[in-house]
file final-v9.txt (compact mmCIF, C-alpha atoms)
# COMPACT_ATOMS: atom_id res chain seq x y z
CA MET A 1426 11.46 58.25 36.64
CA GLN A 1427 11.11 54.70 35.44
CA GLN A 1428 13.31 53.53 32.57
CA ARG A 1429 11.67 51.90 29.58
CA ARG A 1430 13.15 48.62 28.56
CA PHE A 1431 13.97 48.26 24.88
CA THR A 1432 12.52 45.17 23.25
CA PRO A 1433 13.20 44.86 19.55
CA GLU A 1434 10.33 43.87 17.28
CA VAL A 1435 12.58 42.70 14.50
CA VAL A 1436 12.44 38.93 14.14
CA GLN A 1437 13.31 38.23 10.51
CA MET A 1438 15.12 39.94 7.67
CA THR A 1439 13.88 39.46 4.11
CA GLY A 1440 14.91 40.68 0.69
CA THR A 1441 18.28 41.03 -0.93
CA GLN A 1442 21.30 42.85 0.41
CA ARG A 1443 20.41 45.71 -1.88
CA GLN A 1444 16.87 45.92 -0.61
CA GLN A 1445 16.64 44.83 3.02
CA LYS A 1446 13.19 44.77 4.49
CA VAL A 1447 12.49 44.29 8.17
CA ARG A 1448 9.47 42.25 9.19
CA SER A 1449 7.92 42.92 12.56
CA ALA A 1450 6.89 40.23 15.04
CA LYS A 1451 3.27 40.74 13.93
CA ASP A 1452 4.11 39.85 10.32
CA ALA A 1453 6.49 36.98 11.13
CA ASP A 1454 3.83 34.31 10.57
CA MET A 1455 2.76 35.72 7.19
CA PRO A 1456 2.88 33.09 4.40
CA THR A 1457 5.79 33.14 1.97
CA TYR A 1458 3.87 34.48 -1.03
CA MET A 1459 1.67 36.97 0.85
CA ARG A 1460 2.62 40.64 0.93
CA LYS A 1461 1.05 43.60 2.69
CA ASP A 1462 0.76 47.02 1.13
CA ASP A 1463 -1.35 50.15 1.58
CA HIS A 1464 -4.38 48.47 -0.02
CA GLY A 1465 -4.37 45.25 2.02
CA TYR A 1466 -2.83 41.91 1.20
CA ARG A 1467 -1.83 40.35 -2.11
CA PHE A 1468 -0.49 37.07 -3.40
CA LEU A 1469 2.84 37.51 -5.17
CA ARG A 1470 4.69 34.46 -6.42
CA PRO A 1471 7.53 34.66 -8.92
CA ILE A 1472 7.48 32.26 -11.85
CA PRO A 1473 10.78 30.44 -12.43
CA GLN A 1474 12.83 31.95 -15.24
CA ASP A 1475 12.59 28.91 -17.51
CA LEU A 1476 8.76 28.86 -17.35
CA ARG A 1477 8.10 32.55 -17.91
CA THR A 1478 7.80 32.17 -21.67
CA LEU A 1479 5.07 29.55 -21.22
CA PHE A 1480 3.07 31.70 -18.79
CA LYS A 1481 3.95 34.96 -20.59
CA LYS A 1482 4.48 36.75 -17.28
CA ALA A 1483 7.04 36.95 -14.48
CA ASN A 1484 4.77 36.67 -11.41
CA PHE A 1485 1.45 35.35 -10.24
CA VAL A 1486 -0.27 38.35 -8.65
CA LYS A 1487 -3.72 38.47 -7.04
CA ARG A 1488 -5.35 40.82 -4.51
CA LEU A 1489 -6.42 39.01 -1.34
CA GLY A 1490 -8.32 41.78 0.43
CA ARG A 1491 -7.83 43.64 3.70
CA ASP A 1492 -8.79 40.94 6.22
CA TYR A 1493 -5.68 39.03 7.37
CA LYS A 1494 -7.37 35.71 8.15
CA LYS A 1495 -9.25 35.57 4.85
CA ALA A 1496 -6.15 36.64 2.94
CA LYS A 1497 -4.09 33.94 4.64
CA GLY A 1498 -6.63 31.27 3.67
CA LEU A 1499 -6.78 32.49 0.06
CA CYS A 1500 -2.99 32.57 -0.07
CA ALA A 1501 -2.83 28.90 0.96
CA LEU A 1502 -5.29 27.96 -1.79
CA LEU A 1503 -3.42 29.97 -4.41
CA THR A 1504 -0.10 28.45 -3.34
CA VAL A 1505 -1.46 24.93 -3.93
CA GLN A 1506 -3.01 25.98 -7.23
CA THR A 1507 0.15 27.62 -8.53
CA ASP A 1508 2.20 24.60 -7.38
CA ARG A 1509 0.00 22.45 -9.63
CA GLU A 1510 0.28 24.87 -12.54
CA LEU A 1511 4.07 25.02 -12.26
CA ALA A 1512 4.29 21.21 -11.99
CA ALA A 1513 2.10 20.85 -15.08
CA ALA A 1514 4.33 23.27 -16.97
CA ARG A 1515 7.43 21.35 -15.88
CA SER A 1516 5.92 18.10 -17.15
CA ASN A 1517 6.28 19.52 -20.66
CA GLN A 1518 2.70 20.45 -21.39
CA LYS A 1519 2.71 22.48 -24.56
CA GLU A 1520 0.01 24.92 -23.56
CA VAL A 1521 -0.29 26.18 -20.02
CA THR A 1522 -3.47 27.97 -19.09
CA SER A 1523 -3.81 29.61 -15.73
CA THR A 1524 -7.07 28.75 -13.99
CA VAL A 1525 -6.94 31.92 -11.92
CA ASP A 1526 -7.11 35.41 -13.36
CA PHE A 1527 -3.62 36.59 -12.42
CA HIS A 1528 -2.27 39.91 -13.58
CA PRO A 1529 1.37 40.36 -14.58
CA GLU A 1530 3.29 42.80 -12.43
CA VAL A 1531 6.02 44.98 -13.82
CA THR A 1532 9.23 44.63 -11.83
CA HIS A 1533 12.18 46.93 -12.12
call {"tool": "encode", "arguments": {"input": "final-v9.txt", "output": "structure tokens"}}
result
Amino acid sequence: MQQRRFTPEVVQMTGTQRQQKVRSAKDADMPTYMRKDDHGYRFLRPIPQDLRTLFKKANFVKRLGRDYKKAKGLCALLTVQTDRELAAARSNQKEVTSTVDFHPEVTH
């Protein structure tokens, strides 16, 4: 009988101490603001606490679809776009309008 060699797939730990989440080697190259769930991929970027009143939400959230490569490309575009929106808000613009239809997500 041949022994199987154990090779761990865990390469990175994410989350807080309270909520540790293990990412597999397959997901290690996933962009920072991209998450996978049962319905595919989504863009999830928290808005800094001091800007939440301007945006009237806590997170930028957008569905990216089920295809990994397309989702990764969309995530890169949305990251640049949200960077610009956050920079504009930080430069003391009185009214911030999101150019993408993001939906607020309730966090507990």
call {"tool": "residues_around", "arguments": {"input": "final-v9.txt", "residues": "His1464 in chain A", "least_positions_apart": "5", "cutoff": "10 Å", "atoms": "only C-alpha atoms", "output": "ChimeraX atom specification"}}
result
/A:1488-1491
call {"tool": "closest_residue", "arguments": {"input": "final-v9.txt", "among": "A:Thr1507, A:Pro1456, A:Leu1499, A:Asp1462", "to": "Asn1484 in chain A", "atoms": "all atoms listed in the file"}}
result
A:Thr1507
call {"tool": "closest_residue", "arguments": {"input": "final-v9.txt", "among": "A:Ala1453, A:Lys1481, A:Leu1476, A:Arg1470", "to": "Gln1506 in chain A", "atoms": "only C-alpha atoms"}}
result
A:Arg1470
call {"tool": "atom_distance", "arguments": {"input": "final-v9.txt", "atom1": "CA of Asp1492 in chain A", "atom2": "CA of Leu1469 in chain A"}}
result
16.6 Å
call {"tool": "closest_residue", "arguments": {"input": "final-v9.txt", "among": "A:Lys1482, A:Ala1501, A:Ile1472, A:Met1459", "to": "Arg1515 in chain A", "atoms": "only C-alpha atoms"}}
result
A:Ile1472
call {"tool": "closest_residue", "arguments": {"input": "final-v9.txt", "among": "A:Ala1483, A:Leu1511, A:Pro1473, A:Leu1503", "to": "Thr1457 in chain A", "atoms": "only C-alpha atoms"}}
result
A:Leu1503
call {"tool": "closest_residue", "arguments": {"input": "final-v9.txt", "among": "A:Lys1495, A:Gly1465, A:Pro1471, A:Arg1460", "to": "Asp1508 in chain A", "atoms": "all atoms listed in the file"}}
result
A:Pro1471
call {"tool": "atom_distance", "arguments": {"input": "final-v9.txt", "atom1": "CA of Arg1509 in chain A", "atom2": "CA of Lys1497 in chain A"}}
result
18.8 Å
